[in-house]
Structure formats: structure tokens, C-alpha cells
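Report on one structure; see the data block that follows.
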Amino acid sequence: MKSNYDIIRRPIITEQSMAESEMKKYAFEVEKSANKIQIKKAVEEAFGVKVEKVTTLNMQGKVKRTGAYPKGRRPSWKKAVVKLTADSKNIEFFEGMV
């Protein structure tokens, strides 16, 4: 069985995700095979919060040039945006980032 940290790979820290943290929305890179129920359970157990909604997106890897002809590709990955309930506490990891 996978642990919470196998499902949640890393937080996504960008301008847009930090602006959404004021509305209690947090973005994470998650395992590609994880579904919304597994993501919700992992976030609730890892951070001790209550999750209202989970939205997932499959992000396509970009094609990159490594010279004239050889083309490379960045890996595809899965993104999850987690919305917390109004009475839930904030995730402390994101507090100092704003």
C-alpha cells in the first residue's frame, strides 16, 4: 500500500497557486495513477485538514530541443488542486511563501 507521500510528490509553488492559497486552494504534483479519492485521503492525513473538493489535470510534457536535431521531451505529470472547507485550518507549508 502506498503512503501519503508516495501519492503527493511535491507542492507547486507559483504566483497563481500562491494567489489561490488565500481562497484555501492548494496545488500539488501527484502520482499519475492516483484518483481523487486517494488524493483527498492523502492530503487530509498528511496535513490534518478537511478537503472539500479535488480537481485533477494531466499535464503534458513539453518537447525541448537539445541541439539542432535531437529532440527531447519533459515527462508528463499529474496536477491536483485541493480546495479546503471553510472551517478547516490552512496548510502551514504554504504560509511563509506568500
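Note on naming: chains are A, B, ... as they come in the C-alpha cells, residues start from 1 per chain, ligands start from 1 in the order shown.
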Alpha helix (DSSP H) call set, DSSP backbone run, range 12-76 of chain A, as an MDAnalysis selection string: chainID A and resid 15:20 36:47
Distance query range 34-39 of chain A at most 8 Å, only C-alpha atoms, self and fewer than 2 positions along chain excluded, as an MDAnalysis selection string: chainID A and resid 7:8 30:32 41:43 54:56 80
Take the selection from the previous step and output its residues with C-alpha atoms, as a PDB file, in the first residue's frame.
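Output (part04.pdb):
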```pdb
ATOM      1  CA  ILE A   7       0.765   9.939  -3.731  1.00  0.00           C
ATOM      2  CA  ILE A   8       1.673  13.597  -3.036  1.00  0.00           C
ATOM      3  CA  VAL A  30       0.676  13.842  -7.561  1.00  0.00           C
ATOM      4  CA  GLU A  31       1.255  10.324  -8.817  1.00  0.00           C
ATOM      5  CA  LYS A  32      -0.206   9.760 -12.308  1.00  0.00           C
ATOM      6  CA  LYS A  41      -7.348  10.978   1.794  1.00  0.00           C
ATOM      7  CA  ALA A  42      -3.601  11.597   1.437  1.00  0.00           C
ATOM      8  CA  VAL A  43      -3.912  15.386   1.904  1.00  0.00           C
ATOM      9  CA  VAL A  54     -10.236  17.882  -5.598  1.00  0.00           C
ATOM     10  CA  THR A  55      -9.622  18.872  -9.216  1.00  0.00           C
ATOM     11  CA  THR A  56      -7.061  16.974 -11.290  1.00  0.00           C
ATOM     12  CA  ALA A  80      -4.152  18.237  -8.284  1.00  0.00           C
TER      13      ALA A  80
END
```
Shell around Met23 in chain A at 10 Å using only C-alpha atoms, local window under 3 positions removed, as a list in words: Met18, Ala19, Glu20, Tyr26, Lys83, Leu84, Thr85, Ala86 and Asn90 of chain A
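The environment of Tyr5 in chain A within 9 Å, counting only C-alpha atoms and disregarding residues fewer than 4 places along the same chain, consists of Arg9, Arg10, Ala42 and Ala46 of chain A.
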Strand (DSSP E or B) call set, DSSP backbone run, chain A, as an NGL selection string: :A and (8-11 or 25-30 or 51-59 or 63-65 or 71-73 or 77-84)
Let me see the file: selected residues, N, CA and C atoms, as an mmCIF file, in the first residue's frame.
```
data_model
loop_
_atom_site.group_PDB
_atom_site.id
_atom_site.type_symbol
_atom_site.label_atom_id
_atom_site.label_comp_id
_atom_site.auth_asym_id
_atom_site.auth_seq_id
_atom_site.Cartn_x
_atom_site.Cartn_y
_atom_site.Cartn_z
ATOM 1 N N ILE A 8 1.357 12.164 -2.911
ATOM 2 C CA ILE A 8 1.673 13.597 -3.036
ATOM 3 C C ILE A 8 3.173 13.712 -3.257
ATOM 4 N N ARG A 9 3.573 14.126 -4.453
ATOM 5 C CA ARG A 9 5.004 14.189 -4.756
ATOM 6 C C ARG A 9 5.637 15.480 -4.261
ATOM 7 N N ARG A 10 5.008 16.625 -4.607
ATOM 8 C CA ARG A 10 5.571 17.916 -4.181
ATOM 9 C C ARG A 10 4.510 18.990 -4.333
ATOM 10 N N PRO A 11 4.619 20.068 -3.569
ATOM 11 C CA PRO A 11 3.703 21.203 -3.776
ATOM 12 C C PRO A 11 4.153 22.002 -4.990
ATOM 13 N N LYS A 25 -7.103 27.128 -1.642
ATOM 14 C CA LYS A 25 -6.839 26.192 -2.726
ATOM 15 C C LYS A 25 -5.336 25.987 -2.808
ATOM 16 N N TYR A 26 -4.918 24.724 -2.841
ATOM 17 C CA TYR A 26 -3.500 24.387 -2.868
ATOM 18 C C TYR A 26 -3.232 23.421 -4.001
ATOM 19 N N ALA A 27 -2.095 23.588 -4.684
ATOM 20 C CA ALA A 27 -1.750 22.767 -5.840
ATOM 21 C C ALA A 27 -0.600 21.831 -5.486
ATOM 22 N N PHE A 28 -0.704 20.593 -5.958
ATOM 23 C CA PHE A 28 0.312 19.572 -5.714
ATOM 24 C C PHE A 28 0.571 18.796 -6.993
ATOM 25 N N GLU A 29 1.801 18.317 -7.143
ATOM 26 C CA GLU A 29 2.094 17.308 -8.163
ATOM 27 C C GLU A 29 1.841 15.967 -7.498
ATOM 28 N N VAL A 30 1.052 15.129 -8.149
ATOM 29 C CA VAL A 30 0.676 13.842 -7.561
ATOM 30 C C VAL A 30 1.051 12.713 -8.514
ATOM 31 N N VAL A 51 -10.790 18.311 3.332
ATOM 32 C CA VAL A 51 -10.818 18.656 1.916
ATOM 33 C C VAL A 51 -12.259 18.685 1.431
ATOM 34 N N GLU A 52 -12.630 19.758 0.736
ATOM 35 C CA GLU A 52 -13.968 19.892 0.175
ATOM 36 C C GLU A 52 -14.028 19.347 -1.244
ATOM 37 N N LYS A 53 -13.007 19.679 -2.074
ATOM 38 C CA LYS A 53 -13.054 19.329 -3.480
ATOM 39 C C LYS A 53 -11.640 19.099 -4.008
ATOM 40 N N VAL A 54 -11.513 18.153 -4.942
ATOM 41 C CA VAL A 54 -10.236 17.882 -5.598
ATOM 42 C C VAL A 54 -10.443 17.973 -7.105
ATOM 43 N N THR A 55 -9.604 18.748 -7.765
ATOM 44 C CA THR A 55 -9.622 18.872 -9.216
ATOM 45 C C THR A 55 -8.285 18.375 -9.738
ATOM 46 N N THR A 56 -8.308 17.512 -10.752
ATOM 47 C CA THR A 56 -7.061 16.974 -11.290
ATOM 48 C C THR A 56 -6.901 17.350 -12.750
ATOM 49 N N LEU A 57 -5.642 17.483 -13.169
ATOM 50 C CA LEU A 57 -5.293 17.791 -14.559
ATOM 51 C C LEU A 57 -4.101 16.930 -14.952
ATOM 52 N N ASN A 58 -4.138 16.369 -16.150
ATOM 53 C CA ASN A 58 -2.979 15.673 -16.696
ATOM 54 C C ASN A 58 -2.181 16.673 -17.514
ATOM 55 N N MET A 59 -0.976 16.983 -17.051
ATOM 56 C CA MET A 59 -0.130 17.966 -17.710
ATOM 57 C C MET A 59 0.780 17.239 -18.704
ATOM 58 N N VAL A 63 8.015 19.421 -25.474
ATOM 59 C CA VAL A 63 9.096 18.993 -26.352
ATOM 60 C C VAL A 63 10.198 20.040 -26.261
ATOM 61 N N LYS A 64 11.423 19.593 -26.036
ATOM 62 C CA LYS A 64 12.556 20.501 -25.886
ATOM 63 C C LYS A 64 13.652 20.134 -26.869
ATOM 64 N N ARG A 65 14.312 21.147 -27.407
ATOM 65 C CA ARG A 65 15.460 20.912 -28.282
ATOM 66 C C ARG A 65 16.704 20.771 -27.439
ATOM 67 N N LYS A 71 15.664 15.766 -30.438
ATOM 68 C CA LYS A 71 14.612 16.370 -29.628
ATOM 69 C C LYS A 71 14.415 15.531 -28.382
ATOM 70 N N GLY A 72 14.178 16.201 -27.278
ATOM 71 C CA GLY A 72 13.874 15.531 -26.030
ATOM 72 C C GLY A 72 12.480 15.920 -25.595
ATOM 73 N N ARG A 73 12.002 15.260 -24.580
ATOM 74 C CA ARG A 73 10.671 15.563 -24.080
ATOM 75 C C ARG A 73 10.712 15.517 -22.559
ATOM 76 N N TRP A 77 2.997 14.707 -16.286
ATOM 77 C CA TRP A 77 2.746 14.571 -14.867
ATOM 78 C C TRP A 77 1.308 14.952 -14.553
ATOM 79 N N LYS A 78 0.893 14.691 -13.334
ATOM 80 C CA LYS A 78 -0.484 14.963 -12.928
ATOM 81 C C LYS A 78 -0.488 16.030 -11.840
ATOM 82 N N LYS A 79 -1.407 16.976 -11.989
ATOM 83 C CA LYS A 79 -1.535 18.093 -11.050
ATOM 84 C C LYS A 79 -2.882 17.979 -10.353
ATOM 85 N N ALA A 80 -2.907 18.249 -9.055
ATOM 86 C CA ALA A 80 -4.152 18.237 -8.284
ATOM 87 C C ALA A 80 -4.290 19.570 -7.565
ATOM 88 N N VAL A 81 -5.464 20.187 -7.687
ATOM 89 C CA VAL A 81 -5.789 21.410 -6.956
ATOM 90 C C VAL A 81 -6.803 21.015 -5.891
ATOM 91 N N VAL A 82 -6.441 21.244 -4.634
ATOM 92 C CA VAL A 82 -7.244 20.808 -3.495
ATOM 93 C C VAL A 82 -7.869 22.025 -2.844
ATOM 94 N N LYS A 83 -9.189 22.015 -2.686
ATOM 95 C CA LYS A 83 -9.904 23.105 -2.015
ATOM 96 C C LYS A 83 -10.313 22.616 -0.637
ATOM 97 N N LEU A 84 -9.956 23.391 0.388
ATOM 98 C CA LEU A 84 -10.280 23.028 1.764
ATOM 99 C C LEU A 84 -11.631 23.599 2.173
#
```
Pick from A:Lys50, A:Lys2, A:Arg74, A:Lys62 nearest to Lys89 in chain A, counting only C-alpha atoms: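 Ranking A:Lys50, A:Lys2, A:Arg74, A:Lys62 by distance to Lys89 in chain A, first place goes to A:Lys50.
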Between CA of Glu15 in chain A and CA of Val49 in chain A - distance in Å to one decimal: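 About the pair CA of Val49 in chain A and CA of Glu15 in chain A: they are 22.9 Å apart.
Distances to Ile13 in chain A were evaluated for A:Lys40, A:Asp87, A:Phe93, A:Glu45 using only C-alpha atoms, and the minimum falls at A:Phe93.
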Distance of CA of Lys24 in chain A from CA of Phe47 in chain A, expressed in Å to one decimal place: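 Between CA of Phe47 in chain A and CA of Lys24 in chain A the gap is 13.2 Å.
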Atom pair CA of Glu22 in chain A / CA of Asn4 in chain A: separation (Å):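 Going from CA of Glu22 in chain A over to CA of Asn4 in chain A, I get 24.1 Å.
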